[in-house]
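Participant: First the structure, which I've put down as structure tokens, then a few questions once you've had a look.
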Number of protein chains: 2
Amino acid sequence: MHVTLRQLKVFASVARHMSYTRAAEELHLSQPAVSMQIKQLEENVGLHLFEQLGRGIHLTEAGQEVYQCSRVIQQQLDDTEAALEQMKGMQRGRLNLAVASTANYFATHLIATFSRRVEQLTVSLNVTNREGLLHALENNETDLVIMGQPPEELDLVAEPFMDNPLVVIAAPDHPFIRRRRIPLADLQGDSFVVREPASGTRSAMERFFAEHGVRLRTGMEMRSNEAVQQAVQAGLGLGIVSIHTLELELETGRLAVLDVEGFPIMRQWYIVHRAGKRFSPVAQAFKSFVLEEAAALWHPPGQEAEATSPPMR
Amino acid sequence: MHVTLRQLKVFASVARHMSYTRAAEELHLSQPAVSMQIKQLEENVGLHLFEQLGRGIHLTEAGQEVYQCSRVIQQQLDDTEAALEQMKGMQRGRLNLAVASTANYFATHLIATFSRRVEQLTVSLNVTNREGLLHALENNETDLVIMGQPPEELDLVAEPFMDNPLVVIAAPDHPFIRRRRIPLADLQGDSFVVREPASGTRSAMERFFAEHGVRLRTGMEMRSNEAVQQAVQAGLGLGIVSIHTLELELETGRLAVLDVEGFPIMRQWYIVHRAGKRFSPVAQAFKSFVLEEAAALWHPPGQEAEATSPPMR
DNA sequence: CCAATATATAAGGTTTAACTTATGTAATCA
DNA sequence: TGATTACATAAGTTAAACCTTATATATTGG
């Protein structure tokens with residue numbers, strides 16, 4: 001059957017007023033226009049919806065059924081329209097994020113700050129390693145990704161929004177702890193606990209040492225930052241990590257940052273998405289928020305982060 | 001916004017297949033036709049519903065909302081269509097009846113028999129006096145009415161479908177009980193318990209006696225048949241009632257029918273509705289059922305009802 | 001890099017949806 | 001009974017809905 005929303009709307013108006021003429025007035029139509037719509041609807045339905053007895057009209061049994069139907073549909077359309085308006089107006093929205101595990105700590109704070117600006121924000125946060133991030137991007141499982149070095153193989157848009165200082169960490173009882181401006185070459189005596197080769201931190205550190213003509217001894221290879229830190233803490237070697245992952249460990253004295261020449265390796269945090277990605281209003285707003293305000297949240301105006309101090313908030 | 005059902009239907013197909021091309025195949029359309037419908041829907045909604053990344057497409061947040069909406073609406077339309085089909089096919093229906101209180105007894109049996117033919121029959125039965133019947137007809141509160149003499153003031157269609165014999169009743173200890181072929185004139189010695197003047201039975205009995213030049217003494221005036229019967233039983237006079245209201249009273253011997261000359265007054269039961277009334281399939285079927293089969297249910301073929309015997313079934 | 005796949009865009013044509021005015025018919029009310 | 005009210009019908013116009021073919025653009029897999 002070929003019922004149209006127009007027919008249902010006109011029908012509902014007639015049923016409400018129990019009058020073709022009143023419905024025509026409400027809809028700013030001529031009375032015959034209403035008659036036609038009803039007639040067509042009746043033809044589509046295959047049953048009479050109104051009966052005329054004397055001056056007034058009445059709903060038939062079928063008419064009541066169709067009236068019920070028209071109301072449900074109208075309600076559904078109204079609800080959906082309201083939901084869409086909320087999305088447009090950013091009173092509501094869903095944010096699909098994926099962040100590198102090293103970025104987890106401050107990403108959580110970013111989201112917390114942003115969420116105060118959206119009335120009903122639902123966040124899906126996927127914390128994973130570099131591989132997982134690439135997978136999420138490829139399959140469009142995420143709106144935005146926060147990570148260190150963005151990959152080049154996919155067609156991505158990657159914008160840096162905040163410094164990401166990589167520092168050398170050591171166990172609190174390491175002999176270099178008290179030394180200042182340690183020459184890079186002095187590190188060659190220690191072995192390094194490193195991340196897997198695919199890791200952003202790993203490749204950044206390898207590039208850095210290569211550039212400075214220093215060969216480092218890679219010892220254990222860990223699949224997470226936490227594992228690296230624990231190994232360093234246990235005295236299994238030195239490590240290189242983003243300072244943003246260290247707040248707690250530095251405060252409690254479980255790890256120490258070495259003052260090595262050339263450090264920190266200043267890298268960037270990037271907010272990344274696939275080229276051509278269609279953002280929801282909320283996702284668009286979050287991206288803008290990160291680009292424009294995230295840095296300020298960690299670096300109050302006029303100050304620079306220092307490699308040896310915990311990140312500021 | 002000016003969303004159409006067509007747009008939603010095409011959209012739902014695309015969302016199901018996650019492909020414009022597959023949707024076009026399903027709907028027997030060209031691919032550009034699908035693109036257009038989606039584009040228009042997106043314009044109406046004010047948000048993108050799909051995003052294209054590489055080869056495949058994905059639903060946006062707004063798209064998911066609209067998809068949900070389209071499914072609810074489609075479901076509602078399907079449900080309604082099914083309900084209407086059931087009405088047409090008479091698997092389901094609602095019957096609004098009003099019956100004269102004197103017809104209550106056999107009307108109930110009529111409905112019971114008819115209800116076996118309709119899977120889901122809902123009956124609204126209004127048992128009332130003549131005045132109530134007229135009110136129900138005027139206000140279109142009922143599909144069909146079963147009554148004795150139909151009124152003439154309204155524009156009605158009234159069709160007789162069964163004999164309605166009126167008989168003279170008396171208390172079991174009345175002296176006329178044993179007499180046969182009592183002359184009409186002999187009744188003049190008794191007073192009659194009667195219904196109110198507006199009653200069909202009352203006017204029928206008055207016309208009958210007037211035609212035969214007999215003056216009867218009207219005694220008590222009752223507003224219901226049951227009251228008449230109780231008064232007669234109590235010995236307060238004779239009564240004239242439809243034999244169809246007597247089954248129980250005759251069987252238990254609480255009332256007796258007198259064998260008076262000229263009786264029973266043979267009148268008819270009528271099925272009545274307003275001219276121009278639009279029947280639902282079920283109402284139409286019930287009317288046909290009553291006209292064609294009701295008489296046979298009370299009078300097995302070849303037999304005539306006898307005034308002194310209870311009605312047969 | 002070419003072939004295949006998938007969607008977007010453009011141009012054009014047919015249909016039909018939707019409305020209007022004018023008029024007809026039926027019922028009600030003073 | 002005539003005026004009024006209400007819905008139906010007829011005829012005609014306008015707009016837009018809808019689809020087609022042809023072609024462009026972008027992505028992917030061999």
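A note on labels: chains of the structure tokens are A, B, ... as shown, every chain counts residues from 1, and ligands are counted from 1 in their shown order.
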Using only C-alpha atoms (C1' of nucleotides), I'd like a table of the residues in chain D that come within 8 Å of chain A; for each, show the closest atom pair and its distance in Å rounded to one decimal, ordered by chain and ascending number, as a Markdown table.
Facilitator:
| residue | atom | partner | partner_atom | distance |
| --- | --- | --- | --- | --- |
| D:DT5 | C1' | A:Arg55 | CA | 7.8 |
| D:DA6 | C1' | A:Arg55 | CA | 6.4 |
| D:DC7 | C1' | A:Tyr20 | CA | 7.5 |
| D:DA8 | C1' | A:Ser35 | CA | 7.7 |
Participant: Hey, list the chain C side of the contact with chain A: 12 Å cut-off, only C-alpha atoms (C1' of nucleotides), answer as a list of chain:residue names.
Facilitator: C:DA17, C:DA18, C:DC19, C:DT20, C:DT21, C:DA22, C:DT23, C:DA26, C:DA27, C:DT28, C:DC29
Participant: If we count only C-alpha atoms (C1' of nucleotides), what is near A:Ser13 at a cut-off of 9 Å, once residues fewer than 2 positions away on the same chain are taken out, given as a PDB file with C-alpha atoms, in the first residue's frame?
Facilitator:
ATOM      1  CA  LEU A   8      -1.583  10.434   7.769  1.00  0.00           C
ATOM      2  CA  LYS A   9      -1.011  13.968   8.918  1.00  0.00           C
ATOM      3  CA  VAL A  10      -4.180  15.271   7.308  1.00  0.00           C
ATOM      4  CA  PHE A  11      -6.093  12.259   8.544  1.00  0.00           C
ATOM      5  CA  ALA A  15      -9.702  12.732  13.442  1.00  0.00           C
ATOM      6  CA  ARG A  16      -8.719  15.238  16.108  1.00  0.00           C
ATOM      7  CA  HIS A  17     -11.298  17.788  15.067  1.00  0.00           C
ATOM      8  CA  MET A  18     -13.816  15.285  13.832  1.00  0.00           C
ATOM      9  CA  SER A  19     -14.369  17.630  10.948  1.00  0.00           C
ATOM     10  CA  TYR A  20     -12.938  17.995   7.462  1.00  0.00           C
ATOM     11  CA  ARG A  22     -11.800  22.348  10.824  1.00  0.00           C
ATOM     12  CA  ALA A  23      -8.852  20.261   9.676  1.00  0.00           C
ATOM     13  CA  ALA A  24      -8.661  22.297   6.482  1.00  0.00           C
ATOM     14  CA  GLU A  26      -5.814  24.075  10.818  1.00  0.00           C
ATOM     15  CA  LEU A  27      -3.696  23.009   7.873  1.00  0.00           C
TER      16      LEU A  27
END
Participant: Taking only C-alpha atoms into account, name the residue in A:Asn139, A:Asn164, A:Gln91, A:Asn104 that is nearest to chain B.
Facilitator: A:Asn139
Participant: Provide as an MDAnalysis selection string the residues of chain B at most 6 Å from chain A, counting only C-alpha atoms.
Facilitator: chainID B and resid 51 73 278
Participant: What would the file look like if the residues just selected were written as an mmCIF file, in the first residue's frame with N, CA and C atoms?
Facilitator:
data_model
loop_
_atom_site.group_PDB
_atom_site.id
_atom_site.type_symbol
_atom_site.label_atom_id
_atom_site.label_comp_id
_atom_site.auth_asym_id
_atom_site.auth_seq_id
_atom_site.Cartn_x
_atom_site.Cartn_y
_atom_site.Cartn_z
ATOM 1 N N GLU B 51 28.792 8.320 6.113
ATOM 2 C CA GLU B 51 30.067 8.907 5.732
ATOM 3 C C GLU B 51 30.769 7.870 4.884
ATOM 4 N N ILE B 73 8.896 3.059 12.560
ATOM 5 C CA ILE B 73 7.784 3.470 11.697
ATOM 6 C C ILE B 73 7.377 2.326 10.784
ATOM 7 N N ARG B 278 -22.009 3.075 7.652
ATOM 8 C CA ARG B 278 -20.901 2.320 7.050
ATOM 9 C C ARG B 278 -20.559 1.172 7.974
#
Participant: What is the distance, in Å and to one decimal place, between atom CA of A:Phe263 and atom CA of A:Leu297?
Facilitator: 22.9 Å
Participant: Where in stretch 41-220 of chain A does DSSP assign strand (DSSP E), given as JSON, numbers by chain?
Facilitator: {"A": [50, 51, 52, 53, 56, 57, 58, 59, 92, 93, 94, 95, 96, 97, 98, 99, 100, 120, 121, 122, 123, 124, 125, 126, 127, 128, 144, 145, 146, 147, 156, 157, 158, 159, 160, 161, 162, 163, 164, 165, 166, 167, 168, 169, 170, 191, 192, 193, 194, 195, 217, 218, 219, 220]}
Participant: If you run DSSP over the backbone, which residues in stretch 115-219 of chain B end up alpha helix (DSSP H)? Put them as a PyMOL selection string.
Facilitator: chain B and resi 115+130-138+200-211
Participant: One number please: atom CA of B:Gly235 to atom CA of B:Ala100, in Å, one decimal.
Facilitator: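 Taking atom CA of B:Gly235 as the start and atom CA of B:Ala100 as the end point, the length is 25.9 Å.
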Participant: How many Å lie between atom CA of B:His109 and atom CA of B:Val241, rounded to one decimal?
Facilitator: 19.3 Å
Participant: Near D:DG29, counting only C-alpha atoms (C1' of nucleotides), which residues have an atom at most 12 Å away, once you skip same-chain residues fewer than 3 positions from it, shown as a list in words?
Facilitator: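 Contacts, with the query itself left out: Arg55 of chain B; DC1, DC2, DA3, DA4 and DT5 of chain C.
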Participant: What would the file look like if the residues just selected were written as a PDB file, in the first residue's frame with C-alpha atoms (C1' of nucleotides)?
Facilitator:
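The resulting again.pdb:
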ATOM      1  CA  ARG B  55      35.259   2.009  -0.462  1.00  0.00           C
TER       2      ARG B  55
ATOM      3  C1'  DC C   1      49.314   1.202 -13.140  1.00  0.00           C
ATOM      4  C1'  DC C   2      45.144  -0.774 -14.818  1.00  0.00           C
ATOM      5  C1'  DA C   3      40.718  -2.850 -13.986  1.00  0.00           C
ATOM      6  C1'  DA C   4      37.060  -3.132 -10.982  1.00  0.00           C
ATOM      7  C1'  DT C   5      34.085  -1.277  -7.519  1.00  0.00           C
TER       8       DT C   5
END
Participant: Using only C-alpha atoms (C1' of nucleotides), determine which residues lie at most 12 Å from D:DT25, disregarding the query and same-chain residues fewer than 6 positions distant; provide the list as a ChimeraX atom specification.
Facilitator: /C:6-9
Participant: Tell me, as a VMD selection string, which residues lie within 10 Å of A:Glu226, counting only C-alpha atoms (C1' of nucleotides); anything in the same chain fewer than 2 positions away does not count.
Facilitator: chain A and resid 101 to 102 222 to 224 228 to 232 241 245 to 246
Participant: Can you pull out the residues contacting B:Ala283? Cut-off 12 Å, using only C-alpha atoms (C1' of nucleotides), and skip same-chain residues under 6 positions away; I want them as a list of chain:residue names.
Facilitator: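 The residues that qualify are A:Thr60, A:Glu61, B:Met87, B:Lys88, B:Met90, B:Arg92, B:Gly93, B:Arg94, B:Leu95, B:Asn96, B:Leu97, B:Ile111, B:Phe114, B:Ser115, B:Val118, B:Leu121, B:Thr122, B:Val123, B:Ser124, B:Thr142, B:Asp143, B:Leu144, B:Val145, B:Ile271, B:Val272, B:His273, B:Lys277, B:Phe289, B:Val290.
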Participant: Taking a cut-off of 9 Å and counting only C-alpha atoms (C1' of nucleotides), can you build a table that, for each residue of chain C near stretch 18-21 of chain D, reports the nearest atom pair and how far apart they are in Å (one decimal), sorted by chain then residue number, as a tab-separated table?
Facilitator:
residue	atom	partner	partner_atom	distance
C:DG12	C1'	D:DT20	C1'	8.7
C:DG13	C1'	D:DT20	C1'	8.4
C:DT14	C1'	D:DC19	C1'	8.7
C:DT15	C1'	D:DC18	C1'	8.3
